[in-house]
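J.: There's a structure below that I have some questions on.
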Amino acid sequence: MTEHSSAERHRLRDADRPGSHWRRWGPYLSERQWGTVREDYSANGDAWSYVTHEQSRSRAYRWGEDGIAGVSDDEQQLCFSLALWNGRDPILKERLFGLTNAEGNHGEDVKEYYFYVDSTPTHSYMRYLYKYPQAAYPYTELVATNRSRGRGDFEYELLDTGVFEESRYYDVEVEYAKAAEEDLLVRITVHNRGPEAATLQVLPTLLFRNTWSWTSGQKRPQLAEMPGPPGTVRVAADHPRLGRRWLTCAGSVPLLFTENESNTERLFGTPNTSLYVKDGIDRYVVRGQHGAVNPAQRGTKAAAQYVLDVPAGGSATIRLRLSDSNGGAGAPGGRVGGPFGTEFDALVDTRRAECDEFYDELYPPSTSVEERLVIRQALAGLLWNKQYYHFDVETWLTEHGFDPVAQNAPIRNREWPHLLSGHVVSMPDKWEYPWFAAWDLAFHAVAFALVDVGFAKQQMDLLLRRFHLHPNGQIPAYEWNFSDVNPPVHAWATLFVYQVEKGRTGHGDRAWLENAFHKLAKNFTWWVNRKDVDGNNVFQGGFLGLDNIGVFDRSAPLPTGGQLDQADGTAWMALFAQSMMAIAIELGRDNPVYLEEAETFFEHFAWIAAAMNHVGADRVSMWDEDDGFFYDVLRRPDGSAERLSVRSMVGLLPLTAATVLPGDLRTEFPELVDRAHDFLRRHPEILATVAPSTIVGLEDRMLFALLDEERLRRVLAKMLDEDEFLSQYGIRSLSRFHAQHPYHVDVHGDDYGVGYLPAESDSGMFGGNSNWRGPIWFPVNALVIRALLNIYTFYGDEFTVECPTGSGRKMTLFEVAEDLAGRLTSIFLPDAHGRRPVYGGQRRFQEDPHWHDLLLFYEYFHGDNGAGLGASHQTGWTGLVALFAGLFKNLDPGELRAEGAVAAYRAFSTLRTQAPTP
């Protein structure tokens with residue numbers, strides 16, 4: 001903390017203290033609970049069909065809640081969200097619509113326009129924007145048209161239907177501001193962008209997550225109308241755990257009550273247990289069924305019914321207050337005129353100004369207005385994508401009739417009965433991926449370290465705790481298959497977050513790091529025991545998050561039989577070993593016991609490096625000397641082997657396993673260094689392959705890498721070739737070489753092939769919109785940039801390469817990293833014609849001032865033109881652009897050469913350089 005820190009930084013400091021509740025209320029509601037594995041109780045495991053969007057308005061969920069622009073407490077007991085009706089839609093708009101995996105021609109796909117515009121880390125201020133058509137929402141048209149299109153066709157988007165023509169839509173802006181930890185102000189402003197006056201019903205909705213229908217003896221909470229101050233209506237919310245809260249609504253508007261219970265009559269043709277069910281408010285508003293809501297003004301779901309007549313080009317505003325005090329206490333200096341006096345708007349505006357102040361502290365002074373927009377909206381999206389994730393797998397399995405002891409049925413995730421999650425977790429995308437993914441979460445934590453290192457540490461700790469980590473040491477991948485394998489980047493991200501906090505505060509959290517180390521060591525052992533089939537330090541990780549990048553489905557048995565030695569899996573393990581070694585050395589500064597652990601992980605890395613770089617007649621190597629590139633190796637049952645010569649990110653990932661340790665280790669831990677040298681002397685076969693084994697770097701530094709200088713140059717020459725990997729917008733996941741030279745393998749008369757596809761994939765290998773066959777992905781680009789900076793601190797300015805290859809333009813590796821960061825950032829920045837590459841040919845986003853500055857952070861990007869593809873709100877790892885947009889404004893190559901990783905972590909720790917205060 002610095003003397004002149006913003007109000008939000010003070011709140012953030014308080015939020016990390018025991019007993020603080022600044023993080024209790026936040027955007028923890030899912031954007032989609034239907035179509036998830038948690039809600040799937042089908043016999044065939046078809047989660048998308050078991051609870052559909054059509055059913056979702058009538059079916060009480062088992063494990064969570066969803067809503068538009070929603071917030072909840074951190075256990076999702078009480079939820080607040082928005083419902084809308086334009087007078088034409090066939091249903092009340094209570095949740096975001098999208099296509100299921102089977103309906104979309106490129107897999108699941110949300111068909112709405114919503115934007116996470118702003119948020120502070122403690123959610124003291126948040127802003128969300130939803131664009132709602134004034135015409136009937138085209139549910140049927142979207143499904144029918146997309147279903148009729150093939151994989152080679154574009155997706156049919158909501159803009160394509162014409163419902164936004166003549167700007168006949170509403171911008172619904174939702175702002176939240178905390179007057180105090182438990183006092184939430186809500187301001188909803190509806191802008192009519194159309195040419196004529198229009199009427200919109202806005203129904204702010206309060207409900208309790210249904211916890212009483214599934215377990216006997218659970219006390220039912222209750223919502224009930226209570227008298228409020230003059231000119232208001234009020235709902236009292238009583239919950240056995242949360243206590244009492246009040247929702248006060250400005251204006252004398254109707255309150256509609258029903259129960260958050262399934263409408264079994266509509267869903268299954270069986271009698272309802274209550275007269276009032278989940279879709280009661282929908283039936284009342286849209287269908288005019290007055291008996292669908294409870295005249296006694298009580299229930300477990302309630303909405304205030306605002307009917308707004310909004311003039312053309314005009315706006316209307318609604319104000320509400322959700323508080324633990326029936327007076328809405330918490331505003332400094334008291335209230336003027338009740339809970340919606342003059343201080344209400346003043347306080348919302350103050351929190352918005354404090355949000356500005358918080359981000360102003362973050363920006364490097366030289367960042368442009370456009371770069372600041374990118375940083376701010378990227379981080380806002382990251383902060384909005386938090387979700388309360390509840391899943392008790394043992395209970396879920398039991399409810400399927402599964403006996404965890406007898407193992408009596410082939411049910412998904414049956415190996416994970418211990419997994420018990422009830423936490424706020426950073427999601428990849430709360431609509432497309434409303435469940436945690438292990439490697440995504442690691443990248444999220446890296447980005448979170450910019451704004452909320454306390455939350456970043458909590459997230460890194462989460463999957464290592466006993467109720468997530470498998471007893472055998474495996475980290476759960478994602479709910480569709482917890483036993484699948486994500487890249488092991490947790491150790492790298494843990495060390496990164498630790499060093500960022502150390503750079504910011506002057507000291508690191510050793511207790512947190514030590515706890516993580518022991519859990520990660522267990523996970524490392526799982527990898528060694530389970531994914532190194534032959535014990536040769538070559539790994540067959542399987543899926544590894546890269547979807548359909550390869551010839552075969554790496555999660556399934558190979559059609560050839562045998563096994564696949566994976567260049568990426570082996571590289572990930574080299575990085576894992578390097579990171580564990582670095583953590584052990586850091587812990588060894590206080591406790592020498594960890595120095596032996598550092599030796600162990602050094603030796604693991606050395607054996608992995610030797611295996612990966614091995615060249616000999618006895619074994620086909622992953623390294624192809626003719627091509628100067630790494631490839632997966634297919635090993636057949638008959639003992640034969642061949643490289644699968646696909647130039648993909650799989651072969652670039654060995655570059656990312658590059659870690660530099662400071663030269664002072666030679667004086668601080670001379671025995672550790674001597675034993676490492678002795679190990680290499682005793683194993684000349686390793687000494688010949690560990691690179692660089694005999695070179696001392698800048699400031700006496702030591703580099704641990706899979707590539708010596710010669711191989712590094714050869715790999716970089718391909719990576720920086722515009723006819724191969726280097727795009728105007730970053731590093732492609734597949735070389736463009738394969739556009740003209742697709743790779744094919746014949747297996748028993750069946751053709752398996754890979755070709756360069758810069759946009760959507762034509763392969764359904766992993767279903768959905770999975771696609772690593774050409775587009776640009778931010779997480780692996782981030783690791784490439786990290787490796788280049790690390791290697792630069794070792795070689796310095798003397799090591800230069802052509803960038804782009806063949807251009808004659810020589811760059812240091814620092815300059816290459818800076819260039820790549822600029823290419824990635826440029827995806828979101830206006831070009832010379834004012835057009836943002838992320839939006840491709842979408843004219844509305846490119847030209848309309850009400851759309852142009854609203855950014856979406858997609859899952860991946862077109863390899864040739866930078867257009868956004870896949871999940872549209874994946875600001876988890878695409879939020880890393882916030883680092884790229886500011887880092888090199890704050891990172892001096894001279895400091896990096898002199899100080900090494902310390903300078904890099906300090907630059908990461910806060911985008912604006914500030915002297916750390918111990």
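Starting from 1 in every chain, residues are counted up; chains themselves are A, B, ... following the order of the structure tokens, and ligands are numbered from 1 as listed.
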Which residues are near Ala582 of chain A? Cut-off 12 Å, only C-alpha atoms, ignore same chain within fewer than 4 positions. Put them as a CSV table (one decimal) with N, CA and C atoms, in the first residue's frame.
T.:
```csv
chain,number,residue,atom,x,y,z
A,491,ALA,N,1.8,-25.1,-10.8
A,491,ALA,CA,3.0,-24.7,-10.0
A,491,ALA,C,3.6,-23.4,-10.6
A,492,TRP,N,3.6,-23.3,-11.9
A,492,TRP,CA,4.1,-22.0,-12.5
A,492,TRP,C,3.3,-20.8,-12.0
A,494,THR,N,1.4,-20.6,-9.4
A,494,THR,CA,1.5,-20.4,-8.0
A,494,THR,C,2.8,-19.5,-7.7
A,495,LEU,N,3.9,-19.9,-8.3
A,495,LEU,CA,5.1,-19.1,-8.2
A,495,LEU,C,4.9,-17.7,-8.7
A,496,PHE,N,4.2,-17.6,-9.8
A,496,PHE,CA,4.0,-16.2,-10.4
A,496,PHE,C,3.3,-15.3,-9.4
A,498,TYR,N,2.9,-15.7,-6.2
A,498,TYR,CA,3.7,-15.4,-5.0
A,498,TYR,C,4.7,-14.3,-5.3
A,499,GLN,N,5.4,-14.3,-6.4
A,499,GLN,CA,6.4,-13.3,-6.8
A,499,GLN,C,5.8,-12.0,-7.0
A,513,LEU,N,2.9,-20.4,0.1
A,513,LEU,CA,3.7,-21.1,-0.9
A,513,LEU,C,4.1,-22.5,-0.4
A,517,PHE,N,3.2,-26.0,-2.2
A,517,PHE,CA,4.3,-26.9,-2.6
A,517,PHE,C,4.0,-28.4,-2.3
A,575,LEU,N,8.4,-27.8,-17.5
A,575,LEU,CA,8.0,-26.6,-16.8
A,575,LEU,C,7.6,-26.8,-15.4
A,576,PHE,N,6.8,-27.9,-15.2
A,576,PHE,CA,6.4,-28.2,-13.8
A,576,PHE,C,7.6,-28.4,-12.9
A,577,ALA,N,8.5,-29.2,-13.4
A,577,ALA,CA,9.7,-29.5,-12.6
A,577,ALA,C,10.5,-28.3,-12.3
A,578,GLN,N,10.7,-27.4,-13.3
A,578,GLN,CA,11.4,-26.2,-13.1
A,578,GLN,C,10.7,-25.3,-12.1
A,586,GLU,N,13.2,-21.1,-3.2
A,586,GLU,CA,12.6,-20.0,-2.4
A,586,GLU,C,12.3,-20.4,-1.0
A,587,LEU,N,11.7,-21.5,-0.8
A,587,LEU,CA,11.4,-22.0,0.6
A,587,LEU,C,12.7,-22.4,1.3
A,588,GLY,N,13.7,-22.8,0.6
A,588,GLY,CA,15.0,-23.2,1.2
A,588,GLY,C,15.7,-22.0,1.8
A,589,ARG,N,15.3,-20.8,1.5
A,589,ARG,CA,16.0,-19.6,2.1
A,589,ARG,C,15.7,-19.6,3.6
A,594,TYR,N,14.2,-27.8,2.3
A,594,TYR,CA,13.7,-27.8,0.9
A,594,TYR,C,14.8,-27.8,-0.2
A,595,LEU,N,16.0,-27.6,0.2
A,595,LEU,CA,17.1,-27.7,-0.8
A,595,LEU,C,17.2,-29.1,-1.4
A,597,GLU,N,14.7,-31.0,-1.8
A,597,GLU,CA,13.6,-31.1,-2.8
A,597,GLU,C,14.0,-30.4,-4.1
A,598,ALA,N,14.7,-29.3,-3.9
A,598,ALA,CA,15.1,-28.6,-5.1
A,598,ALA,C,16.0,-29.5,-6.0
A,599,GLU,N,16.9,-30.2,-5.4
A,599,GLU,CA,17.8,-31.1,-6.1
A,599,GLU,C,16.9,-32.2,-6.8
A,600,THR,N,15.9,-32.7,-6.1
A,600,THR,CA,15.1,-33.7,-6.7
A,600,THR,C,14.4,-33.2,-8.0
A,601,PHE,N,13.8,-32.0,-7.9
A,601,PHE,CA,13.1,-31.5,-9.1
A,601,PHE,C,14.1,-31.1,-10.2
A,602,PHE,N,15.3,-30.7,-9.8
A,602,PHE,CA,16.3,-30.4,-10.8
A,602,PHE,C,16.6,-31.7,-11.6
A,605,PHE,N,13.8,-32.6,-13.9
A,605,PHE,CA,13.9,-31.8,-15.2
A,605,PHE,C,15.0,-32.3,-16.1
A,658,ALA,N,11.3,-22.7,-20.0
A,658,ALA,CA,12.6,-22.0,-19.8
A,658,ALA,C,12.5,-21.2,-18.6
A,659,THR,N,13.4,-21.5,-17.6
A,659,THR,CA,13.4,-20.8,-16.3
A,659,THR,C,14.8,-20.4,-16.0
A,660,VAL,N,14.9,-19.2,-15.5
A,660,VAL,CA,16.2,-18.6,-15.1
A,660,VAL,C,16.3,-18.4,-13.6
A,661,LEU,N,17.4,-18.9,-13.0
A,661,LEU,CA,17.6,-18.7,-11.6
A,661,LEU,C,18.8,-17.7,-11.4
A,662,PRO,N,18.7,-16.9,-10.4
A,662,PRO,CA,19.8,-15.8,-10.2
A,662,PRO,C,21.1,-16.4,-9.9
A,665,LEU,N,22.7,-17.7,-6.3
A,665,LEU,CA,22.5,-19.0,-5.8
A,665,LEU,C,23.9,-19.7,-5.6
A,702,MET,N,21.7,-18.7,-14.3
A,702,MET,CA,21.6,-20.1,-14.8
A,702,MET,C,20.2,-20.3,-15.5
A,703,LEU,N,20.3,-20.8,-16.7
A,703,LEU,CA,19.1,-21.1,-17.5
A,703,LEU,C,18.8,-22.5,-17.6
A,704,PHE,N,17.6,-22.9,-17.3
A,704,PHE,CA,17.1,-24.3,-17.4
A,704,PHE,C,16.1,-24.3,-18.6
A,901,ALA,N,14.4,-11.7,-13.3
A,901,ALA,CA,13.0,-11.9,-13.1
A,901,ALA,C,12.4,-10.9,-12.1
```
J.: Near segment 129-132 of chain A, within 6 Å and counting only C-alpha atoms, which residues show up once chain neighbours fewer than 2 positions away are dropped, as a PyMOL selection string?
T.: chain A and resi 113-115+169-173
J.: How would the residues just picked look written out with C-alpha atoms as a compact mmCIF listing (two decimals), in the first residue's frame?
T.:
```
# COMPACT_ATOMS: atom_id res chain seq x y z
CA TYR A 113 -25.26 -9.15 -26.37
CA TYR A 114 -24.17 -8.34 -22.84
CA PHE A 115 -21.05 -6.63 -21.57
CA TYR A 169 -33.55 -1.95 -28.82
CA TYR A 170 -32.97 -1.00 -25.21
CA ASP A 171 -29.60 -0.54 -23.54
CA VAL A 172 -30.28 -1.80 -20.04
CA GLU A 173 -27.50 -0.55 -17.79
```
J.: Once DSSP has gone over the backbone, tell me which residues of segment 15-189 of chain A are in alpha helix (DSSP H), as an NGL selection string.
T.: :A and (15 or 47-50 or 53-56 or 139-148)
J.: Name all residues at most 9 Å from Thr52 of chain A (count only C-alpha atoms; drop same-chain ones fewer than 6 positions away) and give them as a PyMOL selection string.
T.: chain A and resi 34-35+100
J.: Could you take the residues named above and write them with N, CA and C atoms, as an mmCIF file, in the first residue's frame?
T.:
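Produced file result01.cif, reproduced below:
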```cif
data_model
loop_
_atom_site.group_PDB
_atom_site.id
_atom_site.type_symbol
_atom_site.label_atom_id
_atom_site.label_comp_id
_atom_site.auth_asym_id
_atom_site.auth_seq_id
_atom_site.Cartn_x
_atom_site.Cartn_y
_atom_site.Cartn_z
ATOM 1 N N TRP A 34 -28.715 -24.178 -16.575
ATOM 2 C CA TRP A 34 -29.280 -25.278 -17.358
ATOM 3 C C TRP A 34 -28.209 -25.834 -18.297
ATOM 4 N N GLY A 35 -28.369 -27.117 -18.656
ATOM 5 C CA GLY A 35 -27.428 -27.739 -19.568
ATOM 6 C C GLY A 35 -26.065 -28.003 -18.969
ATOM 7 N N THR A 100 -27.534 -25.130 -27.731
ATOM 8 C CA THR A 100 -26.851 -26.269 -27.136
ATOM 9 C C THR A 100 -25.792 -26.783 -28.094
#
```
J.: Between A:Glu141, A:Asp627, A:Glu357, A:Asp797, which is the closest to Leu698 of chain A once you count only C-alpha atoms?
T.: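 When distances to Leu698 of chain A are compared using only C-alpha atoms, the smallest one comes from A:Asp797.
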J.: Neighbours of segment 890-892 of chain A within 12 Å (only C-alpha atoms; same-chain residues fewer than 5 positions away dropped), as a PDB file with C-alpha atoms, in the first residue's frame?
T.:
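Below you can see result_18.pdb, which holds the result:
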```pdb
ATOM      1  CA  LEU A 362      -2.964   0.782 -12.412  1.00  0.00           C
ATOM      2  CA  TYR A 363      -2.290   2.261 -15.839  1.00  0.00           C
ATOM      3  CA  PRO A 364       1.295   3.042 -16.821  1.00  0.00           C
ATOM      4  CA  PRO A 365       1.474   6.785 -17.559  1.00  0.00           C
ATOM      5  CA  SER A 366       2.184   6.274 -21.262  1.00  0.00           C
ATOM      6  CA  THR A 367      -0.834   4.094 -22.043  1.00  0.00           C
ATOM      7  CA  LEU A 789      11.676 -12.609 -21.394  1.00  0.00           C
ATOM      8  CA  THR A 793      17.635 -12.211 -18.975  1.00  0.00           C
ATOM      9  CA  PHE A 814      12.932  -8.649 -25.329  1.00  0.00           C
ATOM     10  CA  GLU A 815      11.920  -6.870 -28.522  1.00  0.00           C
ATOM     11  CA  ALA A 817       8.301 -10.440 -26.694  1.00  0.00           C
ATOM     12  CA  GLU A 818       7.265  -6.790 -26.891  1.00  0.00           C
ATOM     13  CA  LEU A 883      -0.933  -7.562 -18.924  1.00  0.00           C
ATOM     14  CA  PHE A 884       0.161  -7.259 -22.535  1.00  0.00           C
ATOM     15  CA  ALA A 885      -1.446  -3.831 -22.980  1.00  0.00           C
ATOM     16  CA  ARG A 897      19.071  -7.379 -17.897  1.00  0.00           C
ATOM     17  CA  ALA A 898      20.363  -6.104 -14.563  1.00  0.00           C
ATOM     18  CA  GLU A 899      17.760  -7.510 -12.199  1.00  0.00           C
ATOM     19  CA  GLY A 900      16.329 -10.459 -14.095  1.00  0.00           C
ATOM     20  CA  ALA A 901      12.960 -11.871 -13.099  1.00  0.00           C
ATOM     21  CA  VAL A 902      12.746  -9.500 -10.128  1.00  0.00           C
ATOM     22  CA  ALA A 903      12.216  -6.589 -12.536  1.00  0.00           C
ATOM     23  CA  ALA A 904       9.599  -8.534 -14.487  1.00  0.00           C
ATOM     24  CA  TYR A 905       7.627  -9.478 -11.390  1.00  0.00           C
ATOM     25  CA  ARG A 906       7.772  -5.932 -10.115  1.00  0.00           C
ATOM     26  CA  ALA A 907       6.396  -4.701 -13.440  1.00  0.00           C
ATOM     27  CA  PHE A 908       3.657  -7.331 -13.278  1.00  0.00           C
ATOM     28  CA  SER A 909       2.845  -6.580  -9.650  1.00  0.00           C
ATOM     29  CA  THR A 910       1.295  -3.256 -10.560  1.00  0.00           C
ATOM     30  CA  LEU A 911       1.210  -1.791 -14.015  1.00  0.00           C
ATOM     31  CA  ARG A 912       2.325   1.584 -12.718  1.00  0.00           C
ATOM     32  CA  THR A 913       5.718   1.396 -11.052  1.00  0.00           C
ATOM     33  CA  GLN A 914       5.445   2.038  -7.318  1.00  0.00           C
TER      34      GLN A 914
END
```
J.: Give me, as an mmCIF file with C-alpha atoms, in the first residue's frame, all polymer residues having an atom no more than 10 Å from Val374 of chain A, counting only C-alpha atoms and skipping those fewer than 4 positions away in the same chain.
T.:
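Saved the output as around_15.cif:
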```
data_model
loop_
_atom_site.group_PDB
_atom_site.id
_atom_site.type_symbol
_atom_site.label_atom_id
_atom_site.label_comp_id
_atom_site.auth_asym_id
_atom_site.auth_seq_id
_atom_site.Cartn_x
_atom_site.Cartn_y
_atom_site.Cartn_z
ATOM 1 C CA SER A 368 -3.277 5.528 -24.551
ATOM 2 C CA VAL A 369 -6.987 6.046 -23.933
ATOM 3 C CA GLU A 370 -7.714 2.984 -26.075
ATOM 4 C CA ALA A 378 -10.585 -7.026 -19.676
ATOM 5 C CA LEU A 379 -10.214 -6.869 -15.905
ATOM 6 C CA ALA A 380 -13.902 -6.032 -15.440
ATOM 7 C CA THR A 825 -3.212 -6.207 -27.899
ATOM 8 C CA SER A 826 -3.908 -4.858 -31.377
ATOM 9 C CA PHE A 828 -8.820 -4.994 -29.506
ATOM 10 C CA LEU A 829 -7.463 -1.609 -30.585
ATOM 11 C CA ASP A 853 -16.321 0.797 -27.411
ATOM 12 C CA LEU A 854 -17.897 -2.277 -25.854
ATOM 13 C CA LEU A 855 -15.340 -5.086 -25.898
ATOM 14 C CA LEU A 856 -15.813 -8.836 -25.887
ATOM 15 C CA PHE A 857 -12.903 -11.079 -24.940
ATOM 16 C CA GLY A 879 -8.067 -11.186 -19.842
ATOM 17 C CA VAL A 881 -4.428 -8.895 -22.572
ATOM 18 C CA ALA A 882 -4.529 -6.509 -19.603
ATOM 19 C CA ALA A 885 -1.446 -3.831 -22.980
ATOM 20 C CA GLY A 886 0.496 -2.343 -20.087
#
```
J.: Using Å and a single decimal, report how far atom CA of Asp403 of chain A sits from atom CA of Ser42 of chain A.
T.: 16.8 Å
J.: Measuring between only C-alpha atoms, which one of A:Asp831, A:Asp762, A:Asp40, A:Glu847 shows the shortest distance to Gly152 of chain A?
T.: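 So, comparing all the options, the nearest one is A:Asp762.
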J.: Using only C-alpha atoms, which protein or nucleic acid residues come within 7 Å of Thr570 of chain A? Drop anything in the same chain fewer than 4 positions from it, and give the result as a list in words.
T.: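 My reading of the contact set: Val538, Phe539, Gln566 and Ala574 of chain A.
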